[in-house]
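K.L.:
Encoded as structure tokens, here's the structure I'll be asking about.
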Amino acid sequence: MVLKIRLVKQGTKLRPTYDIVVASIRKRLRARPIEKLGHFEPHPNPQDKTKHTQLNFDRTKYWIGVGAQPTPTVNKLLARAGIIPPAPLNISPDFVPKSLSASGSTPSS
């Protein structure tokens, strides 16, 4: 069984919240998850201006150890929480900043 750690939308239209769950990829999104790992509120709280994330660290580490793959969004949340290392930035070797290409990077002799 292939497992994913993913977000399931809850809440209202203008104020969504998300449950962080472990579910089979073969089931539909609203299907009953195997386990609920936590909760994520993407909009800042009006009182203290912070985004709240609740996560069960032990169970999350267990499911990652078993082989559950986090989705890219959950991967960012887990990296921010310190459960997994952050993904390295992919910078193309052909990248040249506009400031260097506009000024003419050829040296004059």
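Simple scheme: letters A, B, ... for chains in structure tokens order, numbers from 1 for residues in each chain, numbers from 1 for ligands in the order shown.
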I'd like to know which residues of chain A are helix (DSSP H, G or I) (by DSSP, run on the backbone); could you write them as a PyMOL selection string?
P.N.:
chain A and resi 57-66+72-81+98-103
K.L.:
Keeping N, CA and C atoms for every residue in the selection just given, could you write it to a file as a compact mmCIF listing (two decimals), in the first residue's frame?
P.N.:
```txt
# COMPACT_ATOMS: atom_id res chain seq x y z
N PHE A 57 4.85 14.79 16.58
CA PHE A 57 6.19 14.51 16.07
C PHE A 57 6.50 13.02 16.03
N ASP A 58 6.16 12.31 17.11
CA ASP A 58 6.50 10.88 17.18
C ASP A 58 5.82 10.08 16.08
N ARG A 59 4.53 10.30 15.89
CA ARG A 59 3.79 9.55 14.88
C ARG A 59 4.22 9.95 13.46
N THR A 60 4.55 11.23 13.27
CA THR A 60 5.02 11.67 11.96
C THR A 60 6.34 11.00 11.61
N LYS A 61 7.27 10.96 12.56
CA LYS A 61 8.55 10.28 12.33
C LYS A 61 8.33 8.79 12.06
N TYR A 62 7.38 8.19 12.77
CA TYR A 62 7.09 6.77 12.55
C TYR A 62 6.62 6.54 11.12
N TRP A 63 5.66 7.34 10.65
CA TRP A 63 5.11 7.12 9.31
C TRP A 63 6.14 7.39 8.22
N ILE A 64 7.02 8.38 8.44
CA ILE A 64 8.08 8.62 7.47
C ILE A 64 9.05 7.44 7.46
N GLY A 65 9.32 6.87 8.64
CA GLY A 65 10.19 5.70 8.74
C GLY A 65 9.60 4.47 8.07
N VAL A 66 8.27 4.35 8.11
CA VAL A 66 7.58 3.22 7.48
C VAL A 66 7.60 3.36 5.96
N PRO A 72 4.62 17.85 -1.51
CA PRO A 72 5.54 18.99 -1.45
C PRO A 72 5.17 20.04 -0.39
N THR A 73 3.88 20.33 -0.24
CA THR A 73 3.47 21.32 0.76
C THR A 73 3.72 20.80 2.17
N VAL A 74 3.39 19.56 2.42
CA VAL A 74 3.63 18.97 3.74
C VAL A 74 5.13 18.85 3.98
N ASN A 75 5.89 18.59 2.92
CA ASN A 75 7.34 18.52 3.04
C ASN A 75 7.91 19.84 3.56
N LYS A 76 7.39 20.97 3.07
CA LYS A 76 7.83 22.28 3.55
C LYS A 76 7.46 22.48 5.01
N LEU A 77 6.26 22.06 5.39
CA LEU A 77 5.83 22.19 6.79
C LEU A 77 6.71 21.35 7.71
N LEU A 78 7.02 20.12 7.29
CA LEU A 78 7.85 19.24 8.11
C LEU A 78 9.29 19.77 8.21
N ALA A 79 9.79 20.36 7.14
CA ALA A 79 11.13 20.95 7.18
C ALA A 79 11.15 22.15 8.11
N ARG A 80 10.11 22.96 8.08
CA ARG A 80 10.03 24.12 8.97
C ARG A 80 9.93 23.68 10.43
N ALA A 81 9.29 22.53 10.68
CA ALA A 81 9.17 22.02 12.04
C ALA A 81 10.44 21.32 12.50
N LYS A 98 20.69 39.40 -14.43
CA LYS A 98 20.50 40.44 -15.45
C LYS A 98 21.53 41.54 -15.31
N SER A 99 21.96 41.83 -14.10
CA SER A 99 22.93 42.91 -13.92
C SER A 99 24.26 42.58 -14.60
N LEU A 100 24.67 41.31 -14.59
CA LEU A 100 25.91 40.93 -15.26
C LEU A 100 25.77 40.89 -16.77
N SER A 101 24.62 40.42 -17.26
CA SER A 101 24.45 40.31 -18.70
C SER A 101 24.22 41.68 -19.35
N ALA A 102 23.62 42.63 -18.64
CA ALA A 102 23.35 43.95 -19.20
C ALA A 102 24.60 44.81 -19.25
N SER A 103 25.50 44.66 -18.28
CA SER A 103 26.68 45.51 -18.24
C SER A 103 27.77 45.03 -19.19
```
K.L.:
If you run DSSP on this backbone, which residues of region 21-107 of chain A come out as strand (DSSP E or B), and could you give them as a PyMOL selection string?
P.N.:
chain A and resi 21-24+35-40+53-55+69-70
K.L.:
How would the residues just picked look written out with N, CA and C atoms as a short mmCIF file (atom, residue, chain, number, x, y, z; two decimals), in the first residue's frame?
P.N.:
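File produced: part.cif:
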```
data_model
loop_
_atom_site.label_atom_id
_atom_site.label_comp_id
_atom_site.auth_asym_id
_atom_site.auth_seq_id
_atom_site.Cartn_x
_atom_site.Cartn_y
_atom_site.Cartn_z
N VAL A 21 -2.79 14.43 7.42
CA VAL A 21 -3.20 13.03 7.60
C VAL A 21 -2.30 12.09 6.80
N VAL A 22 -2.33 10.82 7.19
CA VAL A 22 -1.71 9.75 6.43
C VAL A 22 -2.83 9.01 5.72
N ALA A 23 -2.74 8.90 4.39
CA ALA A 23 -3.80 8.24 3.62
C ALA A 23 -3.19 7.50 2.45
N SER A 24 -3.92 6.53 1.95
CA SER A 24 -3.50 5.79 0.77
C SER A 24 -3.72 6.67 -0.46
N GLU A 35 -4.57 7.81 9.64
CA GLU A 35 -4.30 8.47 10.92
C GLU A 35 -4.20 9.97 10.71
N LYS A 36 -4.70 10.74 11.67
CA LYS A 36 -4.56 12.19 11.66
C LYS A 36 -3.32 12.55 12.46
N LEU A 37 -2.40 13.28 11.82
CA LEU A 37 -1.13 13.62 12.47
C LEU A 37 -1.13 15.02 13.07
N GLY A 38 -1.98 15.90 12.56
CA GLY A 38 -1.96 17.25 13.09
C GLY A 38 -2.94 18.15 12.36
N HIS A 39 -2.73 19.46 12.56
CA HIS A 39 -3.64 20.47 12.05
C HIS A 39 -2.82 21.68 11.62
N PHE A 40 -3.22 22.35 10.53
CA PHE A 40 -2.51 23.52 10.03
C PHE A 40 -3.51 24.62 9.68
N THR A 53 0.33 25.66 13.78
CA THR A 53 0.52 24.31 13.29
C THR A 53 0.64 23.38 14.48
N GLN A 54 -0.19 22.37 14.51
CA GLN A 54 -0.13 21.36 15.56
C GLN A 54 0.26 20.06 14.89
N LEU A 55 1.27 19.36 15.44
CA LEU A 55 1.79 18.17 14.78
C LEU A 55 2.27 17.18 15.82
N GLN A 69 5.25 8.98 2.03
CA GLN A 69 5.88 10.10 1.34
C GLN A 69 5.07 11.37 1.55
N PRO A 70 5.67 12.45 2.07
CA PRO A 70 4.93 13.71 2.20
C PRO A 70 4.77 14.40 0.85
#
```
